[in-house]
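Heads up, upload.csv below (CSV, C-alpha atoms):
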chain,number,residue,atom,x,y,z
A,1404,MET,CA,27.8,-19.3,-14.8
A,1405,THR,CA,25.1,-17.6,-17.0
A,1406,GLN,CA,23.8,-14.1,-16.6
A,1407,VAL,CA,20.2,-13.4,-17.4
A,1408,ASP,CA,18.4,-10.0,-17.6
A,1409,VAL,CA,15.0,-10.4,-15.9
A,1410,ARG,CA,13.6,-6.9,-15.5
A,1411,GLN,CA,10.4,-7.9,-13.9
A,1412,ARG,CA,8.4,-6.2,-11.2
A,1413,ILE,CA,8.4,-8.0,-7.9
A,1414,LEU,CA,4.7,-8.6,-7.2
A,1415,ALA,CA,4.0,-8.8,-10.9
A,1416,ASP,CA,1.4,-11.5,-10.1
A,1417,ASN,CA,-0.3,-9.1,-7.7
A,1418,ALA,CA,-0.1,-6.3,-10.3
A,1419,THR,CA,-1.9,-8.6,-12.8
A,1420,ALA,CA,-4.6,-9.5,-10.3
A,1421,ALA,CA,-5.0,-5.8,-9.3
A,1422,ALA,CA,-5.3,-4.8,-13.0
A,1423,ALA,CA,-8.1,-7.4,-13.5
A,1424,LEU,CA,-9.9,-6.0,-10.4
A,1425,ARG,CA,-9.5,-2.5,-11.6
A,1426,GLU,CA,-11.1,-3.5,-14.9
A,1427,ARG,CA,-13.9,-5.2,-13.0
A,1428,PHE,CA,-14.6,-2.2,-10.8
A,1429,THR,CA,-14.6,0.0,-14.0
A,1430,SER,CA,-17.2,-2.2,-15.6
A,1431,THR,CA,-19.4,-2.2,-12.5
A,1432,ARG,CA,-18.8,1.6,-12.1
A,1433,THR,CA,-17.8,1.0,-8.4
A,1434,LEU,CA,-15.5,3.5,-6.7
A,1435,VAL,CA,-13.0,1.6,-4.6
A,1436,THR,CA,-10.9,2.9,-1.7
A,1437,ASN,CA,-8.1,1.1,0.1
A,1438,LEU,CA,-8.0,2.3,3.7
A,1439,ILE,CA,-4.6,1.9,5.4
A,1440,SER,CA,-3.6,2.9,8.9
A,1441,SER,CA,-2.0,1.5,12.1
A,1442,PRO,CA,-4.3,-0.7,14.3
A,1443,GLY,CA,-6.8,1.3,16.3
A,1444,SER,CA,-6.7,4.5,14.4
A,1445,GLY,CA,-10.4,4.3,13.7
A,1446,LYS,CA,-10.9,2.8,10.2
A,1447,THR,CA,-14.0,0.8,11.0
A,1448,THR,CA,-15.4,3.7,13.1
A,1449,LEU,CA,-15.0,6.1,10.2
A,1450,LEU,CA,-16.7,3.6,8.0
A,1451,GLU,CA,-19.6,3.3,10.4
A,1452,ALA,CA,-20.0,7.1,10.4
A,1453,THR,CA,-19.8,7.0,6.6
A,1454,VAL,CA,-22.5,4.3,6.3
A,1455,ARG,CA,-24.8,6.3,8.7
A,1456,SER,CA,-24.3,9.3,6.5
A,1457,LEU,CA,-24.4,7.8,3.0
A,1458,ALA,CA,-26.4,4.6,3.2
A,1459,GLY,CA,-29.7,6.2,2.0
A,1460,ARG,CA,-28.0,7.6,-1.1
A,1461,LEU,CA,-25.4,5.1,-2.1
A,1462,ARG,CA,-25.0,1.4,-2.2
A,1463,LEU,CA,-22.0,0.7,0.0
A,1464,GLY,CA,-20.1,-2.5,0.7
A,1465,ALA,CA,-16.9,-3.4,2.5
A,1466,ILE,CA,-14.1,-6.0,2.5
A,1467,GLU,CA,-12.4,-6.1,5.9
A,1468,GLY,CA,-8.9,-7.5,6.4
A,1469,ASP,CA,-7.9,-8.7,9.8
A,1470,ILE,CA,-5.6,-11.3,11.2
A,1471,ALA,CA,-8.4,-12.8,13.2
A,1472,THR,CA,-12.1,-12.3,14.2
A,1473,GLU,CA,-15.1,-11.2,12.2
A,1474,ARG,CA,-15.7,-8.2,14.4
A,1475,ASP,CA,-15.2,-5.5,11.9
A,1476,ALA,CA,-17.4,-7.0,9.2
A,1477,ASP,CA,-20.0,-7.7,11.9
A,1478,ARG,CA,-20.0,-4.0,12.9
A,1479,LEU,CA,-20.7,-2.9,9.3
A,1480,ARG,CA,-23.3,-5.7,8.6
A,1481,GLY,CA,-25.0,-4.5,11.8
A,1482,LEU,CA,-25.5,-1.2,10.0
A,1483,GLY,CA,-27.1,-3.0,7.1
A,1484,ILE,CA,-24.3,-3.0,4.4
A,1485,PRO,CA,-22.8,-6.1,2.9
A,1486,ALA,CA,-19.4,-6.8,4.3
A,1487,HIS,CA,-17.0,-9.7,3.9
A,1488,GLN,CA,-14.2,-10.5,6.3
A,1489,ILE,CA,-10.9,-11.8,5.0
A,1490,LEU,CA,-9.0,-13.5,7.7
A,1491,THR,CA,-5.3,-13.3,6.8
A,1492,GLY,CA,-4.2,-15.7,9.6
A,1493,GLY,CA,-1.2,-13.7,10.6
A,1494,ALA,CA,-0.4,-12.0,7.2
A,1495,CYS,CA,0.2,-8.3,7.6
A,1496,HIS,CA,-1.5,-7.1,4.5
A,1497,LEU,CA,-4.2,-7.9,1.9
A,1498,ASP,CA,-3.2,-8.8,-1.6
A,1499,ALA,CA,-5.2,-8.5,-4.8
A,1500,ARG,CA,-5.8,-12.2,-5.1
A,1501,GLN,CA,-7.4,-12.3,-1.7
A,1502,VAL,CA,-9.7,-9.5,-2.7
A,1503,ARG,CA,-10.6,-11.2,-6.0
A,1504,ASP,CA,-11.3,-14.5,-4.2
A,1505,ALA,CA,-13.4,-12.8,-1.6
A,1506,LEU,CA,-15.5,-11.1,-4.3
A,1507,ASP,CA,-15.8,-14.3,-6.2
A,1508,GLU,CA,-17.0,-16.3,-3.2
A,1509,HIS,CA,-19.2,-13.6,-1.6
A,1510,ASP,CA,-21.2,-11.5,-4.0
A,1511,LEU,CA,-21.6,-8.2,-2.3
A,1512,GLY,CA,-24.2,-7.2,-5.0
A,1513,PRO,CA,-24.1,-4.1,-7.1
A,1514,LEU,CA,-22.2,-1.3,-5.3
A,1515,ASP,CA,-21.5,2.4,-5.7
A,1516,VAL,CA,-18.6,2.4,-3.3
A,1517,LEU,CA,-16.5,-0.5,-2.0
A,1518,PHE,CA,-14.3,0.1,1.0
A,1519,ILE,CA,-11.4,-2.2,1.4
A,1520,GLU,CA,-10.2,-1.9,5.0
A,1521,ASN,CA,-6.7,-3.2,5.1
A,1522,VAL,CA,-5.0,-5.0,8.0
A,1523,GLY,CA,-4.0,-2.4,10.6
A,1524,ASN,CA,-0.4,-1.7,9.6
A,1525,LEU,CA,1.3,1.4,8.1
A,1526,VAL,CA,4.0,-0.4,6.2
A,1527,CYS,CA,3.2,-3.7,4.4
A,1528,PRO,CA,-0.2,-2.9,2.8
A,1529,THR,CA,1.5,0.0,1.0
A,1530,SER,CA,3.2,-2.3,-1.4
A,1531,TYR,CA,0.1,-4.2,-2.6
A,1532,ASP,CA,-2.1,-2.7,-5.3
A,1533,LEU,CA,-5.7,-3.9,-4.7
A,1534,GLY,CA,-7.2,-2.4,-7.9
A,1535,GLU,CA,-8.5,0.6,-5.9
A,1536,ASP,CA,-9.1,4.0,-7.3
A,1537,PHE,CA,-7.2,5.6,-4.4
A,1538,LYS,CA,-5.5,4.9,-1.1
A,1539,VAL,CA,-6.5,6.6,2.1
A,1540,ALA,CA,-4.1,6.9,5.0
A,1541,LEU,CA,-5.7,7.4,8.4
A,1542,LEU,CA,-3.9,8.9,11.3
A,1543,SER,CA,-5.4,9.4,14.7
A,1544,VAL,CA,-4.4,12.3,16.9
A,1545,THR,CA,-3.3,10.0,19.7
A,1546,GLU,CA,-0.6,8.5,17.5
A,1547,GLY,CA,1.4,11.7,17.2
A,1548,GLU,CA,2.1,14.1,14.4
A,1549,ASP,CA,5.4,12.6,13.3
A,1550,LYS,CA,3.8,9.6,11.4
A,1551,PRO,CA,4.0,10.9,7.8
A,1552,PHE,CA,7.8,11.3,7.9
A,1553,LYS,CA,8.2,8.1,9.9
A,1554,TYR,CA,6.1,6.1,7.4
A,1555,PRO,CA,6.7,8.0,4.2
A,1556,ALA,CA,5.7,5.3,1.8
A,1557,ILE,CA,2.1,5.3,2.7
A,1558,PHE,CA,1.7,9.0,3.0
A,1559,ALA,CA,3.4,9.6,-0.3
A,1560,ARG,CA,1.0,7.1,-2.0
A,1561,ALA,CA,-2.2,8.0,-0.3
A,1562,GLU,CA,-4.3,10.5,-2.2
A,1563,VAL,CA,-6.2,11.4,0.9
A,1564,THR,CA,-5.0,11.6,4.5
A,1565,VAL,CA,-7.7,11.4,7.1
A,1566,VAL,CA,-6.8,12.6,10.6
A,1567,THR,CA,-9.2,10.9,13.0
A,1568,LYS,CA,-10.3,11.3,16.6
A,1569,ALA,CA,-10.1,15.1,16.3
A,1570,ASP,CA,-12.4,15.5,19.3
A,1571,LEU,CA,-9.4,14.5,21.4
A,1572,LEU,CA,-7.3,17.4,20.2
A,1573,PRO,CA,-7.8,19.4,23.3
A,1574,HIS,CA,-6.4,16.5,25.4
A,1575,VAL,CA,-3.3,15.5,23.4
A,1576,PRO,CA,-0.2,17.4,22.2
A,1577,PHE,CA,-0.9,16.8,18.6
A,1578,LYS,CA,0.3,19.4,16.1
A,1579,LEU,CA,-2.0,19.5,13.1
A,1580,ASP,CA,0.1,22.0,11.2
A,1581,GLU,CA,3.1,19.6,11.5
A,1582,VAL,CA,1.0,16.8,9.8
A,1583,ARG,CA,-0.1,19.2,7.1
A,1584,GLU,CA,3.6,20.2,6.4
A,1585,GLN,CA,4.8,16.6,6.4
A,1586,VAL,CA,2.0,15.4,4.2
A,1587,ARG,CA,2.5,18.3,1.8
A,1588,ALA,CA,6.2,17.4,1.5
A,1589,LEU,CA,5.5,13.8,0.7
A,1590,ARG,CA,2.3,14.3,-1.4
A,1591,PRO,CA,1.9,17.8,-2.7
A,1592,GLY,CA,-1.7,18.3,-3.7
A,1593,GLY,CA,-2.9,15.4,-1.5
A,1594,ARG,CA,-6.1,16.0,0.4
A,1595,LEU,CA,-6.0,16.2,4.2
A,1596,LEU,CA,-9.3,15.9,6.2
A,1597,VAL,CA,-9.7,16.3,9.9
A,1598,THR,CA,-12.5,14.2,11.3
A,1599,SER,CA,-14.1,12.9,14.4
A,1600,ALA,CA,-16.6,10.1,14.2
A,1601,THR,CA,-17.7,11.0,17.7
A,1602,THR,CA,-18.7,14.6,17.0
A,1603,GLY,CA,-19.2,14.2,13.3
A,1604,GLU,CA,-16.6,16.8,12.4
A,1605,GLY,CA,-15.3,16.4,8.9
A,1606,VAL,CA,-17.5,13.4,8.1
A,1607,ALA,CA,-19.6,15.4,5.6
A,1608,GLU,CA,-16.5,16.6,3.9
A,1609,TRP,CA,-15.2,13.0,3.6
A,1610,CYS,CA,-18.6,11.8,2.3
A,1611,ALA,CA,-18.6,14.7,-0.2
A,1612,LEU,CA,-15.2,13.6,-1.4
A,1613,LEU,CA,-16.4,10.1,-2.0
A,1614,GLU,CA,-19.4,11.3,-3.9
A,1615,GLU,CA,-17.3,13.7,-6.0
A,1616,ARG,CA,-14.8,10.9,-6.8
A,1617,LEU,CA,-17.7,8.6,-7.7
A,1618,ARG,CA,-19.2,11.2,-10.1
A,1619,ALA,CA,-15.7,11.7,-11.6
A,1620,LYS,CA,-15.3,8.0,-12.1
A,1621,ARG,CA,-18.7,7.8,-13.8
A,1622,GLY,CA,-17.8,10.6,-16.2
A,1623,GLY,CA,-20.1,13.1,-14.5
A,1624,THR,CA,-23.2,10.9,-14.5
A,1625,PRO,CA,-24.6,9.8,-11.1
B,476,MET,CA,7.1,-8.2,7.8
B,477,HIS,CA,5.9,-8.8,4.3
B,478,GLU,CA,9.5,-9.3,3.3
B,479,LEU,CA,8.9,-13.1,3.4
B,480,SER,CA,6.1,-12.9,0.8
B,481,LEU,CA,8.3,-10.6,-1.3
B,482,ALA,CA,11.2,-13.0,-1.1
B,483,THR,CA,9.0,-15.9,-2.1
B,484,ASP,CA,7.8,-13.8,-5.1
B,485,ILE,CA,11.4,-13.0,-6.1
B,486,TYR,CA,12.3,-16.7,-5.8
B,487,ARG,CA,9.3,-17.8,-7.9
B,488,THR,CA,10.2,-15.2,-10.6
B,489,ALA,CA,13.9,-16.2,-10.6
B,490,ARG,CA,13.2,-19.9,-10.7
B,491,ALA,CA,10.8,-19.5,-13.6
B,492,ALA,CA,13.4,-17.6,-15.5
B,493,VAL,CA,16.0,-20.4,-15.0
B,494,ASP,CA,13.5,-23.1,-15.8
B,495,ALA,CA,12.6,-21.3,-19.1
B,496,ARG,CA,16.3,-21.7,-20.1
B,497,GLY,CA,16.8,-25.3,-19.1
B,498,PRO,CA,17.8,-27.2,-16.0
B,499,GLY,CA,20.2,-25.3,-13.7
B,500,ARG,CA,21.0,-24.0,-10.3
B,501,LEU,CA,20.4,-20.4,-9.2
B,502,ASP,CA,23.6,-18.6,-8.0
B,503,SER,CA,22.4,-15.0,-7.4
B,504,VAL,CA,19.6,-12.6,-8.0
B,505,ARG,CA,19.9,-8.8,-8.1
B,506,VAL,CA,16.8,-6.7,-7.1
B,507,ALA,CA,16.1,-3.0,-7.0
B,508,ILE,CA,14.4,-1.7,-3.9
B,509,GLY,CA,13.3,1.8,-3.5
B,510,GLU,CA,13.2,3.9,-0.3
B,511,LEU,CA,9.4,4.2,-0.6
B,512,ALA,CA,8.8,0.5,-1.4
B,513,ALA,CA,8.1,-0.2,2.3
B,514,VAL,CA,10.8,-2.9,2.3
B,515,GLU,CA,13.7,-3.3,4.7
B,516,PRO,CA,16.6,-4.7,2.7
B,517,GLU,CA,18.2,-6.6,5.6
B,518,LEU,CA,15.0,-8.4,6.4
B,519,LEU,CA,14.5,-9.1,2.7
B,520,VAL,CA,17.9,-10.8,2.5
B,521,TYR,CA,17.1,-12.7,5.7
B,522,ALA,CA,13.8,-13.9,4.4
B,523,TRP,CA,15.5,-14.8,1.1
B,524,GLU,CA,17.9,-17.1,2.9
B,525,ALA,CA,15.0,-18.8,4.6
B,526,VAL,CA,13.2,-19.2,1.3
B,527,VAL,CA,16.1,-20.9,-0.6
B,528,SER,CA,17.5,-22.9,2.3
B,529,GLY,CA,17.2,-26.6,2.1
B,530,GLY,CA,16.2,-26.6,-1.6
B,531,ARG,CA,18.0,-27.0,-4.9
B,532,ASP,CA,19.0,-23.3,-4.9
B,533,ALA,CA,20.3,-23.3,-1.3
B,534,GLY,CA,23.1,-20.8,-0.9
B,535,ALA,CA,21.9,-18.6,-3.8
B,536,LYS,CA,22.6,-14.9,-3.0
B,537,LEU,CA,20.2,-12.0,-3.0
B,538,GLU,CA,21.8,-8.7,-3.9
B,539,VAL,CA,19.9,-5.6,-3.1
B,540,GLU,CA,20.4,-2.4,-5.2
B,541,TRP,CA,19.0,0.5,-3.0
B,542,HIS,CA,17.3,3.4,-4.7
B,543,PRO,CA,16.7,6.5,-2.5
B,544,ALA,CA,13.8,8.8,-3.3
B,545,LYS,CA,14.5,12.4,-4.4
B,546,GLN,CA,12.7,15.5,-3.4
B,547,VAL,CA,12.6,17.9,-6.3
B,548,CYS,CA,11.4,21.5,-6.3
B,549,ALA,CA,8.8,22.2,-8.9
B,550,THR,CA,9.6,25.9,-8.9
B,551,CYS,CA,13.4,26.1,-9.2
B,552,GLY,CA,14.2,22.5,-10.1
B,553,ASN,CA,16.5,22.1,-7.1
B,554,VAL,CA,17.1,18.5,-6.1
B,555,ALA,CA,17.2,18.7,-2.3
B,556,GLU,CA,20.2,17.1,-0.7
B,557,ARG,CA,18.8,15.0,2.0
B,558,LEU,CA,20.1,12.4,4.4
B,559,GLU,CA,18.6,9.0,4.2
B,560,GLY,CA,15.3,8.9,6.0
B,561,MET,CA,15.1,12.7,6.4
B,562,TRP,CA,12.6,14.7,4.5
B,563,MET,CA,12.6,18.4,3.5
B,564,ARG,CA,9.4,20.3,4.2
B,565,LEU,CA,10.1,23.0,1.6
B,566,CYS,CA,12.8,23.7,-1.0
B,567,PRO,CA,15.9,24.8,0.9
B,568,THR,CA,16.8,27.1,-2.0
B,569,CYS,CA,13.5,29.0,-2.7
B,570,GLY,CA,11.2,27.9,0.1
B,571,ARG,CA,8.5,26.5,-2.2
B,572,PRO,CA,6.9,23.0,-2.0
B,573,VAL,CA,8.9,20.0,-3.2
B,574,HIS,CA,7.7,16.8,-4.6
B,575,VAL,CA,8.9,13.3,-4.3
B,576,GLU,CA,10.4,11.4,-7.3
B,577,GLY,CA,11.3,7.8,-7.5
B,578,GLY,CA,12.0,5.5,-4.7
B,579,ASP,CA,9.2,3.1,-5.6
B,580,GLU,CA,11.5,0.5,-7.3
B,581,LEU,CA,10.6,-3.1,-6.5
B,582,ASP,CA,12.1,-5.1,-9.4
B,583,VAL,CA,14.0,-8.3,-10.2
B,584,LEU,CA,16.9,-7.0,-12.3
B,585,GLN,CA,19.2,-9.9,-13.2
B,586,LEU,CA,20.1,-13.3,-12.1
B,587,SER,CA,23.0,-15.7,-12.7
B,588,TYR,CA,22.7,-19.4,-12.7
B,589,THR,CA,24.8,-22.5,-13.5
B,590,PRO,CA,23.4,-24.8,-16.1
B,591,ASP,CA,23.4,-28.4,-15.0
B,592,GLY,CA,26.6,-30.2,-16.1
B,593,GLU,CA,28.7,-27.1,-15.7
B,594,GLU,CA,31.2,-26.8,-12.8
B,595,GLU,CA,30.1,-26.6,-9.2
B,596,ARG,CA,29.6,-23.3,-7.5
B,597,PRO,CA,32.9,-22.2,-5.9

Any chance you could put this one into structure tokens?
Amino acid sequence: MTQVDVRQRILADNATAAAALRERFTSTRTLVTNLISSPGSGKTTLLEATVRSLAGRLRLGAIEGDIATERDADRLRGLGIPAHQILTGGACHLDARQVRDALDEHDLGPLDVLFIENVGNLVCPTSYDLGEDFKVALLSVTEGEDKPFKYPAIFARAEVTVVTKADLLPHVPFKLDEVREQVRALRPGGRLLVTSATTGEGVAEWCALLEERLRAKRGGTP
Amino acid sequence: MHELSLATDIYRTARAAVDARGPGRLDSVRVAIGELAAVEPELLVYAWEAVVSGGRDAGAKLEVEWHPAKQVCATCGNVAERLEGMWMRLCPTCGRPVHVEGGDELDVLQLSYTPDGEEERP
């Protein structure tokens, strides 16, 4: 029997594809976010509110990951932004090669911000770098405040946590301070935004964060 | 449930490493998995068995080396003693915020293989 030292990252192929995407997004000066949450926490709805708020100022586009149906991409195309649906056919996450192939096949045109909406899942998408500038974890108030400690991997990696459906706070026993504490323990210095796409609460703050990050990526120039 | 695609990736890496050294059969692969890698070790082993079954490397073992994450206090340097899966909100010694270190391991470490012509696997 022969022993061999391998010392190679699992998902090294994904890392290579993600690095190429990151280079591509740097050359096109596009800010890219990877949105991760459980199903039904309001990723597409937050994006719709974002598009309504920013579409006049920024060129936005989206890649939507779902197991089946074009519904999410249709919703965003309905608001006038280019959107491409990746159908994973059962796979629980997007990987960098799928994003690359989607962009090669469907030119979304020049973009200021590209949203990659991952398959609804708080676990698997965490492991796959998609060449994004930062990950966003979404958590709706109906899911309960214990999610960060239950799914530490995503909340430790997400630079921004967005609490959604805040308009329902009077109706559900959701402890916002508990989420703050848990997120701080896993990601000190991470941003936490409280939003409601229904009332518009926090949407301006979220959009300001995107604009601020875009300016930073472009070295201070718009 | 992405363990199957990870197991496939591990197998591809291991097989390529054997192929690069000449014909042979894979005996075992050792991987490092971190607590924050979003991977369930038992599922990974189960997926691995499915990946290698029926092929030339059927029976090859996957050994998982588990790496817990640490919570370290930035102020007093205390490394919080924590039970697996439990998280501190603040440093138990000084009450200041802690940060997470490590736990994101996801690596193929080593493998062993039997070059063709050597003795059969016991």

Find the spatial neighbours of Ala1600 in chain A, counting all atoms listed in the file, within a cut-off of 8 Å - ignore same-chain residues fewer than 4 positions away - and output them as a list in words.
Thr1448, Leu1449, Ala1452, Thr1567, Lys1568, Glu1604 and Val1606 of chain A

Please produce an output containing C-alpha atoms for each residue in the selection, written as an mmCIF file, in the frame of the given file.
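Generated file (part-v7.cif):
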data_model
loop_
_atom_site.group_PDB
_atom_site.id
_atom_site.type_symbol
_atom_site.label_atom_id
_atom_site.label_comp_id
_atom_site.auth_asym_id
_atom_site.auth_seq_id
_atom_site.Cartn_x
_atom_site.Cartn_y
_atom_site.Cartn_z
ATOM 1 C CA THR A 1448 -15.400 3.700 13.100
ATOM 2 C CA LEU A 1449 -15.000 6.100 10.200
ATOM 3 C CA ALA A 1452 -20.000 7.100 10.400
ATOM 4 C CA THR A 1567 -9.200 10.900 13.000
ATOM 5 C CA LYS A 1568 -10.300 11.300 16.600
ATOM 6 C CA GLU A 1604 -16.600 16.800 12.400
ATOM 7 C CA VAL A 1606 -17.500 13.400 8.100
#

Within 8 Å of Val573 in chain B using all atoms listed in the file, minus same-chain residues under 5 positions, as a ChimeraX atom specification:
/A:1588,1591 /B:546-549,563-566

Which residue, A:Cys1610, A:Ala1418, A:Leu1434, A:Ala1494, has the smallest gap to Val1516 in chain A when you use all atoms listed in the file?
A:Leu1434

Exercise answer, chain B residues close to chain A, 8 Å and all atoms listed in the file, as a PyMOL selection string:
chain B and resi 476-477+481+484-485+488-489+492+510-514+561-565+572-575+581-590+593

Which neighbours of Leu1479 in chain A fall inside 10 Å, counting only C-alpha atoms, when residues of the same chain fewer than 4 positions from it are skipped, and could you give them as a ChimeraX atom specification?
/A:1447-1448,1450-1451,1454,1464-1467,1474-1475,1483-1487

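Separating CA of Ser1543 in chain A from CA of Gly1445 in chain A is a distance of 7.2 Å.
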
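With all atoms listed in the file as the atoms that count, the residue of B:Val527, B:Val554, B:Ile508, B:Val539 with the shortest distance to Gly578 in chain B is B:Ile508.
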
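Candidate residues A:Thr1598, A:Thr1419, A:Thr1453, A:Asn1524 were compared for distance to Ser1440 in chain A, and the nearest is A:Asn1524, using all atoms listed in the file.
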
With a distance cut-off of 12 Å and only C-alpha atoms, select the neighbouring residues of Tyr486 in chain B, excluding the residue or stretch itself and same-chain residues fewer than 6 positions from it, and output the selection as a PyMOL selection string.
(chain A and resi 1413-1414) or (chain B and resi 479-480+492-494+501-506+519-520+522-528+530-533+535-537+583+586)

Name all residues at most 10 Å from Thr1436 in chain A (count only C-alpha atoms; drop same-chain ones fewer than 6 positions away) and give them as an mmCIF file with C-alpha atoms, in the coordinates of the input.
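Generated file (part.cif):
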data_model
loop_
_atom_site.group_PDB
_atom_site.id
_atom_site.type_symbol
_atom_site.label_atom_id
_atom_site.label_comp_id
_atom_site.auth_asym_id
_atom_site.auth_seq_id
_atom_site.Cartn_x
_atom_site.Cartn_y
_atom_site.Cartn_z
ATOM 1 C CA ALA A 1465 -16.900 -3.400 2.500
ATOM 2 C CA VAL A 1516 -18.600 2.400 -3.300
ATOM 3 C CA LEU A 1517 -16.500 -0.500 -2.000
ATOM 4 C CA PHE A 1518 -14.300 0.100 1.000
ATOM 5 C CA ILE A 1519 -11.400 -2.200 1.400
ATOM 6 C CA GLU A 1520 -10.200 -1.900 5.000
ATOM 7 C CA LEU A 1533 -5.700 -3.900 -4.700
ATOM 8 C CA GLY A 1534 -7.200 -2.400 -7.900
ATOM 9 C CA GLU A 1535 -8.500 0.600 -5.900
ATOM 10 C CA ASP A 1536 -9.100 4.000 -7.300
ATOM 11 C CA PHE A 1537 -7.200 5.600 -4.400
ATOM 12 C CA LYS A 1538 -5.500 4.900 -1.100
ATOM 13 C CA VAL A 1539 -6.500 6.600 2.100
ATOM 14 C CA LEU A 1613 -16.400 10.100 -2.000
#

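One finds CA of Val1522 in chain A at 5.0 Å from CA of Asp1469 in chain A.
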
Give me range 1521-1541 of chain A from this structure - N, CA and C atoms, as a PDB file, in the first residue's frame.
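Result file selection.pdb:
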ATOM      1  N   ASN A1521     -29.811  32.251  -4.482  1.00  0.00           N
ATOM      2  CA  ASN A1521     -29.514  30.824  -4.410  1.00  0.00           C
ATOM      3  C   ASN A1521     -30.782  30.001  -4.195  1.00  0.00           C
ATOM      4  N   VAL A1522     -30.650  28.701  -4.349  1.00  0.00           N
ATOM      5  CA  VAL A1522     -31.755  27.793  -4.055  1.00  0.00           C
ATOM      6  C   VAL A1522     -32.112  27.945  -2.572  1.00  0.00           C
ATOM      7  N   GLY A1523     -33.387  27.956  -2.256  1.00  0.00           N
ATOM      8  CA  GLY A1523     -33.808  28.123  -0.862  1.00  0.00           C
ATOM      9  C   GLY A1523     -33.309  26.985   0.003  1.00  0.00           C
ATOM     10  N   ASN A1524     -32.316  27.280   0.867  1.00  0.00           N
ATOM     11  CA  ASN A1524     -31.650  26.240   1.646  1.00  0.00           C
ATOM     12  C   ASN A1524     -30.609  26.950   2.510  1.00  0.00           C
ATOM     13  N   LEU A1525     -30.621  26.717   3.805  1.00  0.00           N
ATOM     14  CA  LEU A1525     -29.675  27.424   4.680  1.00  0.00           C
ATOM     15  C   LEU A1525     -28.366  26.667   4.870  1.00  0.00           C
ATOM     16  N   VAL A1526     -28.250  25.488   4.266  1.00  0.00           N
ATOM     17  CA  VAL A1526     -27.067  24.673   4.524  1.00  0.00           C
ATOM     18  C   VAL A1526     -26.145  24.611   3.305  1.00  0.00           C
ATOM     19  N   CYS A1527     -26.585  23.887   2.283  1.00  0.00           N
ATOM     20  CA  CYS A1527     -25.675  23.522   1.186  1.00  0.00           C
ATOM     21  C   CYS A1527     -25.081  24.717   0.429  1.00  0.00           C
ATOM     22  N   PRO A1528     -25.860  25.763   0.116  1.00  0.00           N
ATOM     23  CA  PRO A1528     -25.271  26.852  -0.669  1.00  0.00           C
ATOM     24  C   PRO A1528     -24.077  27.508   0.017  1.00  0.00           C
ATOM     25  N   THR A1529     -23.993  27.345   1.344  1.00  0.00           N
ATOM     26  CA  THR A1529     -22.915  27.960   2.115  1.00  0.00           C
ATOM     27  C   THR A1529     -21.530  27.527   1.633  1.00  0.00           C
ATOM     28  N   SER A1530     -21.418  26.282   1.173  1.00  0.00           N
ATOM     29  CA  SER A1530     -20.106  25.729   0.829  1.00  0.00           C
ATOM     30  C   SER A1530     -19.593  26.184  -0.534  1.00  0.00           C
ATOM     31  N   TYR A1531     -20.463  26.805  -1.342  1.00  0.00           N
ATOM     32  CA  TYR A1531     -20.079  27.061  -2.729  1.00  0.00           C
ATOM     33  C   TYR A1531     -19.863  28.549  -2.995  1.00  0.00           C
ATOM     34  N   ASP A1532     -18.608  28.908  -3.199  1.00  0.00           N
ATOM     35  CA  ASP A1532     -18.243  30.262  -3.588  1.00  0.00           C
ATOM     36  C   ASP A1532     -18.717  30.486  -5.024  1.00  0.00           C
ATOM     37  N   LEU A1533     -19.438  31.566  -5.254  1.00  0.00           N
ATOM     38  CA  LEU A1533     -19.932  31.860  -6.606  1.00  0.00           C
ATOM     39  C   LEU A1533     -19.228  33.082  -7.202  1.00  0.00           C
ATOM     40  N   GLY A1534     -18.113  33.488  -6.594  1.00  0.00           N
ATOM     41  CA  GLY A1534     -17.400  34.651  -7.105  1.00  0.00           C
ATOM     42  C   GLY A1534     -18.018  35.958  -6.640  1.00  0.00           C
ATOM     43  N   GLU A1535     -18.921  35.873  -5.643  1.00  0.00           N
ATOM     44  CA  GLU A1535     -19.625  37.064  -5.169  1.00  0.00           C
ATOM     45  C   GLU A1535     -18.707  37.970  -4.348  1.00  0.00           C
ATOM     46  N   ASP A1536     -19.132  39.230  -4.202  1.00  0.00           N
ATOM     47  CA  ASP A1536     -18.425  40.138  -3.301  1.00  0.00           C
ATOM     48  C   ASP A1536     -18.782  39.838  -1.858  1.00  0.00           C
ATOM     49  N   PHE A1537     -20.040  39.529  -1.627  1.00  0.00           N
ATOM     50  CA  PHE A1537     -20.420  39.149  -0.269  1.00  0.00           C
ATOM     51  C   PHE A1537     -21.701  38.320  -0.281  1.00  0.00           C
ATOM     52  N   LYS A1538     -21.824  37.534   0.780  1.00  0.00           N
ATOM     53  CA  LYS A1538     -23.019  36.715   0.962  1.00  0.00           C
ATOM     54  C   LYS A1538     -24.000  37.457   1.855  1.00  0.00           C
ATOM     55  N   VAL A1539     -25.268  37.259   1.581  1.00  0.00           N
ATOM     56  CA  VAL A1539     -26.323  37.828   2.407  1.00  0.00           C
ATOM     57  C   VAL A1539     -27.186  36.670   2.909  1.00  0.00           C
ATOM     58  N   ALA A1540     -27.397  36.619   4.210  1.00  0.00           N
ATOM     59  CA  ALA A1540     -28.319  35.618   4.764  1.00  0.00           C
ATOM     60  C   ALA A1540     -29.623  36.324   5.083  1.00  0.00           C
ATOM     61  N   LEU A1541     -30.732  35.753   4.646  1.00  0.00           N
ATOM     62  CA  LEU A1541     -32.035  36.318   4.971  1.00  0.00           C
ATOM     63  C   LEU A1541     -32.734  35.408   5.969  1.00  0.00           C
TER      64      LEU A1541
END
